[in-house]
>>> print(open('run-v9.txt').read())   # compact mmCIF, C-alpha atoms and all ligand atoms
# COMPACT_ATOMS: atom_id res chain seq x y z
CA MET A 1 -205.34 56.00 -169.99
CA ASP A 2 -204.63 52.30 -169.53
CA PHE A 3 -201.45 51.24 -167.77
CA ILE A 4 -198.95 49.34 -169.92
CA PRO A 5 -197.10 46.77 -167.80
CA TYR A 6 -193.59 45.63 -168.70
CA ALA A 7 -194.81 42.04 -169.14
CA LYS A 8 -198.06 40.10 -169.11
CA GLN A 9 -199.35 36.60 -169.79
CA TRP A 10 -201.64 35.65 -172.68
CA ILE A 11 -204.42 33.22 -171.71
CA ASP A 12 -207.15 32.23 -174.18
CA GLU A 13 -210.25 30.02 -174.12
CA ASP A 14 -208.26 26.93 -175.22
CA ASP A 15 -206.02 27.31 -172.17
CA ILE A 16 -209.03 27.63 -169.88
CA ALA A 17 -210.71 24.57 -171.42
CA ALA A 18 -207.50 22.51 -171.00
CA VAL A 19 -207.36 23.36 -167.29
CA VAL A 20 -211.07 22.68 -166.74
CA ASP A 21 -210.70 19.25 -168.41
CA VAL A 22 -208.09 18.28 -165.84
CA LEU A 23 -210.26 19.52 -162.96
CA ARG A 24 -213.00 17.16 -164.17
CA SER A 25 -210.58 14.21 -164.55
CA ASP A 26 -209.23 11.65 -162.07
CA PHE A 27 -205.70 13.06 -161.74
CA LEU A 28 -204.89 16.53 -160.47
CA THR A 29 -201.23 15.55 -160.04
CA THR A 30 -198.91 12.63 -161.05
CA GLY A 31 -201.29 11.93 -163.94
CA PRO A 32 -200.98 11.69 -167.72
CA LYS A 33 -200.76 15.45 -168.43
CA ILE A 34 -197.21 15.61 -167.08
CA GLU A 35 -195.72 13.25 -169.65
CA GLU A 36 -197.79 14.85 -172.40
CA PHE A 37 -196.29 18.27 -171.58
CA GLU A 38 -192.79 16.83 -171.23
CA ASN A 39 -192.99 15.07 -174.60
CA ALA A 40 -194.34 18.15 -176.37
CA PHE A 41 -191.65 20.31 -174.76
CA ALA A 42 -188.83 17.90 -175.65
CA GLN A 43 -190.03 17.86 -179.24
CA TYR A 44 -190.37 21.66 -179.38
CA THR A 45 -186.86 22.31 -178.09
CA GLY A 46 -185.23 19.35 -179.84
CA VAL A 47 -183.96 17.34 -176.85
CA ARG A 48 -184.27 13.71 -175.83
CA TYR A 49 -185.56 14.32 -172.28
CA ALA A 50 -187.65 16.95 -170.52
CA VAL A 51 -188.60 16.85 -166.83
CA ALA A 52 -191.49 19.05 -165.65
CA ILE A 53 -190.89 20.59 -162.25
CA ALA A 54 -192.54 22.97 -159.77
CA ASN A 55 -190.86 26.19 -160.95
CA GLY A 56 -187.77 27.55 -162.70
CA THR A 57 -185.80 27.82 -159.47
CA ALA A 58 -186.47 24.14 -158.70
CA ALA A 59 -185.35 23.38 -162.28
CA LEU A 60 -182.01 25.09 -161.60
CA HIS A 61 -181.69 23.39 -158.20
CA ALA A 62 -182.36 19.99 -159.85
CA ALA A 63 -179.85 20.63 -162.64
CA CYS A 64 -177.14 21.65 -160.15
CA PHE A 65 -177.88 18.54 -158.08
CA ALA A 66 -177.66 16.28 -161.15
CA ALA A 67 -174.39 18.00 -162.08
CA GLY A 68 -173.06 16.83 -158.71
CA ILE A 69 -172.59 20.27 -157.17
CA GLY A 70 -171.81 19.93 -153.47
CA PRO A 71 -170.15 21.75 -150.57
CA GLY A 72 -167.22 23.91 -151.68
CA ASP A 73 -167.77 23.43 -155.42
CA GLU A 74 -167.56 26.63 -157.42
CA VAL A 75 -170.05 27.42 -160.17
CA ILE A 76 -169.41 30.37 -162.47
CA THR A 77 -172.37 32.46 -163.54
CA THR A 78 -173.35 36.02 -164.40
CA PRO A 79 -174.26 38.66 -161.81
CA LEU A 80 -176.83 40.00 -164.30
CA THR A 81 -179.56 37.47 -163.46
CA PHE A 82 -182.39 36.77 -161.09
CA ALA A 83 -181.02 35.74 -157.68
CA ALA A 84 -182.48 32.23 -158.17
CA THR A 85 -179.63 31.32 -160.55
CA ALA A 86 -176.99 31.77 -157.86
CA ASN A 87 -179.27 30.59 -155.04
CA SER A 88 -179.57 27.18 -156.71
CA VAL A 89 -175.82 26.72 -156.20
CA LEU A 90 -176.02 27.83 -152.54
CA TYR A 91 -178.87 25.37 -151.83
CA LEU A 92 -176.31 22.59 -152.38
CA GLY A 93 -173.49 24.19 -150.41
CA GLY A 94 -171.74 25.30 -153.59
CA ILE A 95 -170.18 28.70 -154.18
CA PRO A 96 -171.47 30.99 -156.94
CA VAL A 97 -168.63 32.87 -158.62
CA PHE A 98 -169.53 35.84 -160.81
CA ALA A 99 -167.97 36.55 -164.21
CA ASP A 100 -168.71 39.93 -165.77
CA ILE A 101 -170.91 40.60 -168.80
CA ASP A 102 -170.08 41.38 -172.38
CA PRO A 103 -170.96 45.09 -172.79
CA GLU A 104 -172.74 44.57 -176.13
CA THR A 105 -174.90 41.46 -175.59
CA TYR A 106 -175.09 41.72 -171.75
CA ASN A 107 -174.44 37.97 -171.57
CA ILE A 108 -171.63 36.38 -169.54
CA ASP A 109 -168.21 37.05 -171.10
CA PRO A 110 -166.32 33.80 -171.81
CA LYS A 111 -162.99 35.58 -171.30
CA ASP A 112 -163.98 36.49 -167.75
CA ILE A 113 -165.20 32.91 -167.14
CA GLU A 114 -161.71 31.73 -168.03
CA ARG A 115 -160.16 34.20 -165.55
CA LYS A 116 -162.43 32.99 -162.71
CA ILE A 117 -161.69 29.25 -163.06
CA THR A 118 -159.96 27.56 -160.10
CA THR A 119 -159.35 23.92 -159.15
CA ALA A 120 -162.72 24.03 -157.32
CA THR A 121 -164.74 25.04 -160.41
CA LYS A 122 -167.31 22.36 -161.34
CA ALA A 123 -169.86 24.01 -163.61
CA ILE A 124 -170.94 27.08 -165.56
CA ILE A 125 -174.50 28.41 -165.55
CA ALA A 126 -174.99 30.39 -168.75
CA VAL A 127 -178.02 32.69 -168.54
CA HIS A 128 -179.42 33.61 -171.98
CA TYR A 129 -180.23 37.10 -170.75
CA ALA A 130 -183.32 38.78 -172.28
CA GLY A 131 -183.64 35.82 -174.67
CA GLN A 132 -180.25 36.27 -176.35
CA PRO A 133 -178.22 33.04 -176.56
CA CYS A 134 -174.81 33.18 -174.88
CA ASP A 135 -171.58 32.61 -176.81
CA MET A 136 -172.02 28.84 -176.39
CA ASP A 137 -169.15 27.67 -178.62
CA ALA A 138 -166.68 29.62 -176.49
CA ILE A 139 -168.33 28.52 -173.23
CA LYS A 140 -168.35 24.86 -174.28
CA ALA A 141 -164.70 25.01 -175.34
CA ILE A 142 -163.77 26.32 -171.86
CA ALA A 143 -165.94 23.65 -170.22
CA ALA A 144 -164.32 20.87 -172.27
CA LYS A 145 -160.84 22.10 -171.40
CA HIS A 146 -161.57 22.19 -167.65
CA HIS A 147 -164.07 19.27 -167.45
CA LEU A 148 -167.01 21.43 -166.37
CA THR A 149 -170.74 20.84 -166.70
CA VAL A 150 -172.63 23.52 -168.63
CA ILE A 151 -176.13 24.39 -167.43
CA GLU A 152 -178.20 26.84 -169.44
CA ASP A 153 -180.52 29.10 -167.47
CA ALA A 154 -183.00 29.34 -170.34
CA ALA A 155 -185.73 31.06 -168.29
CA HIS A 156 -185.64 33.97 -170.78
CA ALA A 157 -184.93 31.97 -173.89
CA LEU A 158 -187.73 29.61 -174.96
CA GLY A 159 -187.45 29.38 -178.75
CA ALA A 160 -184.23 31.41 -179.02
CA GLU A 161 -181.80 29.98 -181.58
CA TYR A 162 -178.04 29.66 -181.69
CA LYS A 163 -176.57 28.41 -184.99
CA GLY A 164 -179.86 26.73 -185.90
CA ARG A 165 -180.38 25.02 -182.54
CA LYS A 166 -182.79 26.06 -179.84
CA ALA A 167 -181.88 27.16 -176.31
CA GLY A 168 -182.26 24.12 -174.09
CA THR A 169 -180.10 21.96 -176.38
CA LEU A 170 -176.89 24.00 -176.06
CA GLY A 171 -175.45 22.75 -172.75
CA ASP A 172 -175.51 19.53 -170.71
CA MET A 173 -178.80 20.55 -169.09
CA ALA A 174 -181.10 23.57 -169.28
CA ALA A 175 -183.65 25.10 -166.92
CA PHE A 176 -186.84 26.87 -168.07
CA SER A 177 -189.41 28.89 -166.11
CA PHE A 178 -193.14 29.24 -166.79
CA HIS A 179 -193.79 32.20 -164.50
CA PRO A 180 -196.46 34.47 -166.08
CA VAL A 181 -193.91 37.03 -167.34
CA LYS A 182 -191.99 34.37 -169.32
CA HIS A 183 -192.72 33.19 -172.88
CA ILE A 184 -195.32 30.60 -171.86
CA THR A 185 -196.91 30.17 -168.45
CA THR A 186 -198.27 27.50 -166.12
CA GLY A 187 -198.77 29.99 -163.25
CA GLU A 188 -195.70 28.62 -161.50
CA GLY A 189 -193.73 25.94 -163.30
CA GLY A 190 -190.45 24.88 -164.82
CA MET A 191 -188.71 22.30 -166.97
CA VAL A 192 -185.25 20.77 -167.19
CA THR A 193 -184.07 19.52 -170.59
CA THR A 194 -181.14 17.21 -171.34
CA ASP A 195 -179.90 14.62 -173.84
CA ASN A 196 -178.13 12.70 -171.06
CA LYS A 197 -179.97 9.64 -169.73
CA GLU A 198 -178.09 9.57 -166.41
CA PHE A 199 -178.96 13.20 -165.67
CA TYR A 200 -182.55 12.45 -166.68
CA GLU A 201 -182.89 9.59 -164.18
CA VAL A 202 -181.51 11.74 -161.35
CA LEU A 203 -183.73 14.72 -162.26
CA LYS A 204 -186.90 12.59 -162.20
CA LYS A 205 -186.10 11.24 -158.74
CA PHE A 206 -184.96 14.63 -157.42
CA ARG A 207 -188.39 16.19 -158.05
CA SER A 208 -190.07 13.49 -155.96
CA HIS A 209 -188.09 12.96 -152.71
CA GLY A 210 -185.30 10.92 -154.36
CA ILE A 211 -187.79 8.03 -154.62
CA THR A 212 -187.97 5.54 -157.50
CA ARG A 213 -190.55 2.88 -158.37
CA SER A 214 -188.53 1.53 -161.34
CA ALA A 215 -187.41 -2.06 -160.68
CA ASP A 216 -184.30 -1.66 -162.84
CA GLU A 217 -183.05 1.10 -160.50
CA PHE A 218 -183.58 -0.64 -157.14
CA LEU A 219 -180.50 -0.76 -154.92
CA HIS A 220 -181.93 -3.39 -152.56
CA PRO A 221 -182.02 -6.82 -154.25
CA GLY A 222 -185.02 -9.13 -154.48
CA HIS A 223 -187.76 -6.59 -155.15
CA ALA A 224 -187.92 -6.61 -158.93
CA ASP A 225 -191.38 -8.25 -158.90
CA ASP A 226 -192.86 -6.40 -155.91
CA ALA A 227 -195.54 -4.03 -157.19
CA TRP A 228 -195.83 -2.42 -153.71
CA TYR A 229 -192.12 -1.62 -153.39
CA TYR A 230 -190.36 1.75 -153.78
CA GLU A 231 -187.05 3.17 -152.63
CA GLN A 232 -185.67 6.55 -151.54
CA GLN A 233 -182.11 6.68 -152.78
CA PHE A 234 -181.06 10.24 -151.95
CA LEU A 235 -182.54 13.37 -150.38
CA GLY A 236 -184.89 14.86 -152.96
CA TYR A 237 -187.79 17.31 -152.68
CA ASN A 238 -191.45 17.54 -153.51
CA TYR A 239 -190.89 19.65 -156.63
CA ARG A 240 -193.67 18.09 -158.71
CA MET A 241 -195.76 20.05 -161.18
CA THR A 242 -199.53 19.41 -161.09
CA ASP A 243 -201.51 18.05 -164.04
CA ILE A 244 -203.51 21.27 -163.93
CA GLN A 245 -200.34 23.23 -164.68
CA ALA A 246 -199.04 20.71 -167.22
CA ALA A 247 -202.27 20.87 -169.24
CA LEU A 248 -201.99 24.66 -169.30
CA GLY A 249 -198.36 24.31 -170.38
CA THR A 250 -199.19 22.01 -173.30
CA SER A 251 -201.90 24.40 -174.44
CA GLN A 252 -199.57 27.41 -174.12
CA LEU A 253 -196.75 25.64 -175.97
CA LYS A 254 -198.97 25.35 -179.07
CA LYS A 255 -198.92 29.16 -179.20
CA ALA A 256 -195.22 29.59 -178.39
CA ASP A 257 -194.15 30.27 -181.98
CA MET A 258 -196.89 32.84 -182.41
CA PHE A 259 -195.90 34.53 -179.11
CA ILE A 260 -192.23 34.60 -180.13
CA GLU A 261 -192.95 35.92 -183.60
CA ARG A 262 -194.90 38.80 -182.06
CA ARG A 263 -192.07 39.49 -179.58
CA ARG A 264 -189.54 39.54 -182.42
CA TYR A 265 -191.73 41.90 -184.42
CA LEU A 266 -192.10 44.33 -181.49
CA ALA A 267 -188.35 44.15 -180.73
CA ARG A 268 -187.54 44.92 -184.39
CA HIS A 269 -189.87 47.91 -184.30
CA TYR A 270 -188.31 49.22 -181.09
CA ARG A 271 -184.92 48.92 -182.74
CA GLU A 272 -185.96 50.68 -185.95
CA GLU A 273 -187.46 53.57 -184.02
CA LEU A 274 -184.79 53.98 -181.36
CA GLN A 275 -181.46 53.02 -182.86
CA SER A 276 -180.58 56.45 -184.24
CA ILE A 277 -181.49 58.48 -181.13
CA PRO A 278 -178.34 59.98 -179.59
CA GLY A 279 -177.75 58.73 -176.06
CA LEU A 280 -179.71 55.48 -176.39
CA ILE A 281 -177.81 52.19 -176.39
CA LEU A 282 -179.49 49.05 -177.74
CA PRO A 283 -178.47 45.41 -177.27
CA GLU A 284 -176.33 43.75 -179.94
CA SER A 285 -176.82 40.12 -181.00
CA LEU A 286 -174.10 37.59 -181.78
CA PRO A 287 -173.97 36.51 -185.43
CA GLY A 288 -175.83 33.22 -185.96
CA THR A 289 -178.34 33.90 -183.17
CA ASP A 290 -182.07 34.53 -183.33
CA PRO A 291 -183.10 35.86 -179.89
CA SER A 292 -186.63 35.26 -178.59
CA TRP A 293 -186.73 38.60 -176.69
CA HIS A 294 -188.14 37.93 -173.25
CA LEU A 295 -187.05 41.47 -172.34
CA PHE A 296 -186.17 44.56 -174.31
CA ILE A 297 -183.42 46.52 -172.58
CA LEU A 298 -182.43 50.12 -173.22
CA GLN A 299 -179.50 52.01 -171.80
CA VAL A 300 -179.44 55.79 -171.56
CA ASP A 301 -175.88 57.05 -171.57
CA PHE A 302 -176.43 59.87 -169.04
CA LEU A 303 -178.40 57.94 -166.41
CA ASP A 304 -177.12 57.56 -162.88
CA ASP A 305 -179.02 56.73 -159.68
CA ASN A 306 -180.81 60.11 -159.49
CA ARG A 307 -181.62 60.39 -163.16
CA LYS A 308 -182.83 56.82 -163.21
CA LYS A 309 -185.31 57.73 -160.48
CA GLU A 310 -186.47 60.70 -162.58
CA PHE A 311 -186.79 58.52 -165.69
CA PHE A 312 -188.91 55.90 -163.86
CA ALA A 313 -191.22 58.65 -162.53
CA PHE A 314 -191.47 60.20 -166.02
CA MET A 315 -192.63 56.86 -167.49
CA GLN A 316 -194.98 56.08 -164.57
CA GLU A 317 -196.73 59.43 -165.07
CA ARG A 318 -197.41 58.37 -168.64
CA GLY A 319 -198.85 55.01 -167.56
CA ILE A 320 -195.88 52.98 -168.71
CA GLY A 321 -194.38 50.21 -166.63
CA VAL A 322 -190.61 50.24 -166.73
CA ASN A 323 -188.59 47.78 -164.73
CA PHE A 324 -185.00 46.82 -164.08
CA HIS A 325 -183.34 43.44 -164.67
CA TYR A 326 -181.15 42.97 -162.63
CA ILE A 327 -179.32 44.32 -159.61
CA PRO A 328 -176.01 42.41 -159.78
CA VAL A 329 -176.63 39.41 -157.53
CA TYR A 330 -173.55 40.03 -155.35
CA ARG A 331 -175.03 43.43 -154.34
CA HIS A 332 -177.94 41.92 -152.41
CA PRO A 333 -177.41 42.23 -148.64
CA PHE A 334 -177.50 38.44 -148.28
CA TYR A 335 -174.72 38.02 -150.84
CA GLU A 336 -172.73 40.89 -149.35
CA LYS A 337 -172.72 38.97 -146.07
CA LEU A 338 -171.07 36.05 -147.87
CA ASN A 339 -168.30 38.57 -148.30
CA ARG A 340 -166.73 37.35 -151.49
CA ASP A 341 -164.69 39.48 -153.81
CA CYS A 342 -166.75 39.54 -156.99
CA PHE A 343 -167.12 43.14 -158.14
CA CYS A 344 -167.96 43.23 -161.87
CA PRO A 345 -167.41 46.74 -163.31
CA LEU A 346 -169.36 46.27 -166.55
CA SER A 347 -172.39 44.93 -164.67
CA GLU A 348 -172.16 47.99 -162.40
CA MET A 349 -172.18 50.36 -165.36
CA PHE A 350 -175.12 48.46 -166.82
CA MET A 351 -177.03 48.85 -163.55
CA ALA A 352 -176.61 52.62 -163.63
CA ARG A 353 -177.87 53.06 -167.18
CA ALA A 354 -180.24 50.22 -168.10
CA PHE A 355 -183.96 49.53 -167.75
CA THR A 356 -186.57 47.21 -169.25
CA ILE A 357 -189.36 48.61 -171.43
CA PRO A 358 -192.72 46.88 -172.03
CA LEU A 359 -192.68 43.83 -174.33
CA TYR A 360 -195.24 41.02 -174.40
CA PRO A 361 -197.14 39.30 -177.23
CA ALA A 362 -200.52 40.85 -176.38
CA MET A 363 -199.03 44.36 -176.53
CA GLN A 364 -200.83 46.36 -179.20
CA ASP A 365 -199.16 48.54 -181.81
CA ALA A 366 -200.79 51.66 -180.32
CA GLN A 367 -199.41 50.77 -176.89
CA GLN A 368 -195.93 50.39 -178.34
CA GLU A 369 -196.29 53.81 -179.99
CA ARG A 370 -197.08 55.31 -176.58
CA VAL A 371 -193.91 53.79 -175.15
CA LEU A 372 -191.87 55.08 -178.09
CA GLN A 373 -193.33 58.59 -177.82
CA ALA A 374 -192.53 58.76 -174.10
CA ILE A 375 -188.93 57.64 -174.60
CA LYS A 376 -188.41 60.09 -177.46
CA GLU A 377 -189.87 62.92 -175.38
CA TYR A 378 -187.63 62.08 -172.44
CA MET A 379 -184.53 61.94 -174.62
CA GLN A 380 -185.36 65.21 -176.40
CA THR A 381 -185.99 67.20 -173.24
CA LYS A 382 -183.57 65.68 -170.75
CA ARG A 383 -180.47 64.89 -172.75
CA GLU A 384 -180.01 68.50 -173.80
CA ASP A 385 -180.32 69.65 -170.17
CA TYR A 386 -177.61 67.26 -169.31
CA TYR A 387 -175.12 68.05 -172.04
CA VAL A 388 -175.33 71.87 -172.05
C1 LIG B 1 -187.66 33.59 -163.79
C2 LIG B 1 -186.25 33.23 -163.67
C3 LIG B 1 -185.80 32.20 -162.83
C4 LIG B 1 -186.67 31.51 -161.81
O1 LIG B 1 -187.84 30.98 -162.29
P1 LIG B 1 -189.11 30.79 -161.33
O2 LIG B 1 -190.03 29.97 -162.18
O3 LIG B 1 -189.63 32.14 -161.01
O4 LIG B 1 -188.66 30.04 -160.11
C5 LIG B 1 -184.46 31.86 -162.87
N1 LIG B 1 -183.59 32.50 -163.66
C6 LIG B 1 -183.97 33.52 -164.45
C7 LIG B 1 -182.96 34.18 -165.31
C8 LIG B 1 -185.32 33.92 -164.46
O5 LIG B 1 -185.68 34.96 -165.23
>>> encode(input="run-v9.txt", output="structure tokens", more="lines below")
Ligand SMILES: *Cc1c(COP(=O)(O)O)cnc(C)c1O
Amino acid sequence: MDFIPYAKQWIDEDDIAAVVDVLRSDFLTTGPKIEEFENAFAQYTGVRYAVAIANGTAALHAACFAAGIGPGDEVITTPLTFAATANSVLYLGGIPVFADIDPETYNIDPKDIERKITTATKAIIAVHYAGQPCDMDAIKAIAAKHHLTVIEDAAHALGAEYKGRKAGTLGDMAAFSFHPVKHITTGEGGMVTTDNKEFYEVLKKFRSHGITRSADEFLHPGHADDAWYYEQQFLGYNYRMTDIQAALGTSQLKKADMFIERRRYLARHYREELQSIPGLILPESLPGTDPSWHLFILQVDFLDDNRKKEFFAFMQERGIGVNFHYIPVYRHPFYEKLNRDCFCPLSEMFMARAFTIPLYPAMQDAQQERVLQAIKEYMQTKREDYYV
């Protein structure tokens, strides 16, 4: 019996050929493949600018830097995310503040954002959890009222649509990840998208030490014609992507729509098969959204810590990889030490009852049937035990 993981990349011969071409070329990094990937990505998402970067965490760090986050600035985000979202704020001395989730979409609740705003609030990071776009109209209205920058954490949301526009175009900047479990992969890799030229200039310098070689940006006078000259203008990082990764990214992006179509098909089938089973809770989508389903989340109404352990073992025995996204960020020991009051009751309830079931484009129909059979068997045998 083969093991079905919760996620897996799809690499084909075109991807391999694209990488091998770069290995035979003159540039392994800072070459032409970077701009090629950036242009293709900007066109795919529908933004003016895209900046390729070492990974999704670096993309978030860069976006927070460009947004001007600094010591003491508060940034409101969801606790239901990978720690990297909040870490990117801490890297800059900022303070992540957690607003609770909406119990139906599992995305950040705009009403709780509003409650958490203080005079120190500078930005909102909206995570499109599982590939479902956040309630962006509400979030942008709050941001406009309080002069906040909106950053999308679109690591789950390549190709997801909100009112006819793709994730990555819905805030002031957006961060994407190309880790192998995400929609497309470059091994490690990320991208920041924006329509704002000033953010774009900062992002490009941030990924390479804060250094520029563009004469029109030089702060020191008299060097406009010096081909040898360059300037470091702020403290940046080496967050560059290689040409090897960028070539893989361009090749993967050509298949993105096919990957997403397959994810949407599998998600629809999960929904059809599971929605009428008593005790199972499925995610709801906002009207006007077309999620790209990075994850498919189920909640079982009678799970608690012990039963969740039993459920994971039950699925493992049947060769099915279940997972959990995410432990509320403020519950990690490191965040507990920061000792901030940020308990989010709906995220806590979600943690007790939710888990991620396998979903990836290469998943075969027969594999999905195995997952469905196992869940149905668990619900039939265990829910009755519980309720009698
Ligand atoms: C994957 C992910 C990241 C980080 O991306 P990396 O490429 O792994 O650094 C950030 N936020 C969310 C929501 C993610 O899923």
>>> residues_around(input="run-v9.txt", residues="A:Ala84", least_positions_apart="5", cutoff="9 Å", atoms="all atoms listed in the file", output="ChimeraX atom specification")
/A:56-57,60-61,89
>>> closest_atom_pairs(input="run-v9.txt", of="stretch 141-184 of chain A", to="stretch 1-25 of chain A", cutoff="9 Å", atoms="all atoms listed in the file", output="tab-separated table")
residue	atom	partner	partner_atom	distance
A:His179	CA	A:Gln9	CA	8.8
A:Pro180	CA	A:Gln9	CA	5.2
A:Val181	CA	A:Ala7	CA	5.4
A:Lys182	CA	A:Gln9	CA	7.7
A:His183	CA	A:Gln9	CA	8.1
A:Ile184	CA	A:Gln9	CA	7.5
>>> residues_near_point(input="run-v9.txt", point="(-197.3, 49.7, -175.2)", cutoff="12 Å", atoms="all atoms listed in the file", output="compact mmCIF listing (two decimals) with C-alpha atoms, in the frame of the given file")
# COMPACT_ATOMS: atom_id res chain seq x y z
CA MET A 1 -205.34 56.00 -169.99
CA ASP A 2 -204.63 52.30 -169.53
CA PHE A 3 -201.45 51.24 -167.77
CA ILE A 4 -198.95 49.34 -169.92
CA PRO A 5 -197.10 46.77 -167.80
CA TYR A 6 -193.59 45.63 -168.70
CA ALA A 7 -194.81 42.04 -169.14
CA LYS A 8 -198.06 40.10 -169.11
CA LEU A 266 -192.10 44.33 -181.49
CA ALA A 267 -188.35 44.15 -180.73
CA HIS A 269 -189.87 47.91 -184.30
CA TYR A 270 -188.31 49.22 -181.09
CA MET A 315 -192.63 56.86 -167.49
CA ARG A 318 -197.41 58.37 -168.64
CA GLY A 319 -198.85 55.01 -167.56
CA ILE A 320 -195.88 52.98 -168.71
CA GLY A 321 -194.38 50.21 -166.63
CA VAL A 322 -190.61 50.24 -166.73
CA ILE A 357 -189.36 48.61 -171.43
CA PRO A 358 -192.72 46.88 -172.03
CA LEU A 359 -192.68 43.83 -174.33
CA TYR A 360 -195.24 41.02 -174.40
CA PRO A 361 -197.14 39.30 -177.23
CA ALA A 362 -200.52 40.85 -176.38
CA MET A 363 -199.03 44.36 -176.53
CA GLN A 364 -200.83 46.36 -179.20
CA ASP A 365 -199.16 48.54 -181.81
CA ALA A 366 -200.79 51.66 -180.32
CA GLN A 367 -199.41 50.77 -176.89
CA GLN A 368 -195.93 50.39 -178.34
CA GLU A 369 -196.29 53.81 -179.99
CA ARG A 370 -197.08 55.31 -176.58
CA VAL A 371 -193.91 53.79 -175.15
CA LEU A 372 -191.87 55.08 -178.09
CA GLN A 373 -193.33 58.59 -177.82
CA ALA A 374 -192.53 58.76 -174.10
CA ILE A 375 -188.93 57.64 -174.60
>>> closest_residue(input="run-v9.txt", among="A:Glu38, A:Asp153, A:Glu114, A:Asp102", to="ligand LIG 1 (chain B)", atoms="all atoms listed in the file")
A:Asp153
>>> closest_atom_pairs(input="run-v9.txt", of="chain A", to="ligand LIG 1 (chain B)", cutoff="8 Å", atoms="all atoms listed in the file", output="Markdown table")
| residue | atom | partner | partner_atom | distance |
| --- | --- | --- | --- | --- |
| A:Ala54 | CA | B:LIG1 | O2 | 7.8 |
| A:Asn55 | CA | B:LIG1 | O2 | 4.1 |
| A:Gly56 | CA | B:LIG1 | O2 | 3.4 |
| A:Thr57 | CA | B:LIG1 | O4 | 3.7 |
| A:Ala58 | CA | B:LIG1 | O4 | 6.4 |
| A:Ala59 | CA | B:LIG1 | O4 | 7.7 |
| A:Leu60 | CA | B:LIG1 | C5 | 7.3 |
| A:Thr81 | CA | B:LIG1 | C7 | 5.1 |
| A:Phe82 | CA | B:LIG1 | C6 | 4.9 |
| A:Ala83 | CA | B:LIG1 | N1 | 7.3 |
| A:Ala84 | CA | B:LIG1 | C5 | 5.1 |
| A:Thr85 | CA | B:LIG1 | N1 | 5.2 |
| A:Val127 | CA | B:LIG1 | C7 | 6.1 |
| A:His128 | CA | B:LIG1 | C7 | 7.6 |
| A:Tyr129 | CA | B:LIG1 | C7 | 6.8 |
| A:Asp153 | CA | B:LIG1 | N1 | 6.0 |
| A:Ala154 | CA | B:LIG1 | C7 | 7.0 |
| A:Ala155 | CA | B:LIG1 | C8 | 4.8 |
| A:His156 | CA | B:LIG1 | O5 | 5.6 |
| A:Ala175 | CA | B:LIG1 | C5 | 7.9 |
| A:Phe176 | CA | B:LIG1 | O1 | 7.2 |
| A:Ser177 | CA | B:LIG1 | O2 | 4.1 |
| A:Phe178 | CA | B:LIG1 | O2 | 5.6 |
| A:His179 | CA | B:LIG1 | O2 | 4.9 |
| A:Val181 | CA | B:LIG1 | C1 | 8.0 |
| A:Lys182 | CA | B:LIG1 | C1 | 7.1 |
| A:Glu188 | CA | B:LIG1 | O2 | 5.9 |
| A:Gly189 | CA | B:LIG1 | O2 | 5.6 |
| A:Gly190 | CA | B:LIG1 | O2 | 5.7 |
>>> axis_aligned_box(input="run-v9.txt", around="stretch 367-374 of chain A", padding_each_side="6 Å", output="AutoDock Vina command-line options")
--center_x -195.6 --center_y 54.6 --center_z -177.0 --size_x 19.5 --size_y 20.4 --size_z 17.9
>>> atom_distance(input="run-v9.txt", atom1="atom CA of A:Pro133", atom2="atom CA of A:Ser285")
8.5 Å
>>> closest_residue(input="run-v9.txt", among="A:Arg115, A:Arg268, A:Lys163, A:His209", to="A:Asp137", atoms="only C-alpha atoms")
A:Lys163
>>> atom_distance(input="run-v9.txt", atom1="atom CA of A:Lys376", atom2="atom CA of A:Tyr265")
19.8 Å
>>> closest_atom_pairs(input="run-v9.txt", of="stretch 202-235 of chain A", to="stretch 62-65 of chain A", cutoff="8 Å", atoms="only C-alpha atoms", output="tab-separated table")
residue	atom	partner	partner_atom	distance
A:Leu203	CA	A:Ala62	CA	6.0
A:Phe206	CA	A:Ala62	CA	6.4
A:Arg207	CA	A:Ala62	CA	7.4
>>> residues_around(input="run-v9.txt", residues="stretch 297-312 of chain A", least_positions_apart="2", cutoff="8 Å", atoms="only C-alpha atoms", output="VMD selection string")
chain A and resid 130 279 to 283 295 314 to 316 322 350 352 to 357 378 383 386
>>> write_last_selection(input="run-v9.txt", atoms="C-alpha atoms", output="compact mmCIF listing (two decimals), in the coordinates of the input")
# COMPACT_ATOMS: atom_id res chain seq x y z
CA ALA A 130 -183.32 38.78 -172.28
CA GLY A 279 -177.75 58.73 -176.06
CA LEU A 280 -179.71 55.48 -176.39
CA ILE A 281 -177.81 52.19 -176.39
CA LEU A 282 -179.49 49.05 -177.74
CA PRO A 283 -178.47 45.41 -177.27
CA LEU A 295 -187.05 41.47 -172.34
CA PHE A 314 -191.47 60.20 -166.02
CA MET A 315 -192.63 56.86 -167.49
CA GLN A 316 -194.98 56.08 -164.57
CA VAL A 322 -190.61 50.24 -166.73
CA PHE A 350 -175.12 48.46 -166.82
CA ALA A 352 -176.61 52.62 -163.63
CA ARG A 353 -177.87 53.06 -167.18
CA ALA A 354 -180.24 50.22 -168.10
CA PHE A 355 -183.96 49.53 -167.75
CA THR A 356 -186.57 47.21 -169.25
CA ILE A 357 -189.36 48.61 -171.43
CA TYR A 378 -187.63 62.08 -172.44
CA ARG A 383 -180.47 64.89 -172.75
CA TYR A 386 -177.61 67.26 -169.31
>>> residues_around(input="run-v9.txt", residues="A:Ile34", least_positions_apart="4", cutoff="10 Å", atoms="all atoms listed in the file", output="PyMOL selection string")
chain A and resi 29-30+38-39+51-53+240-247+249-250
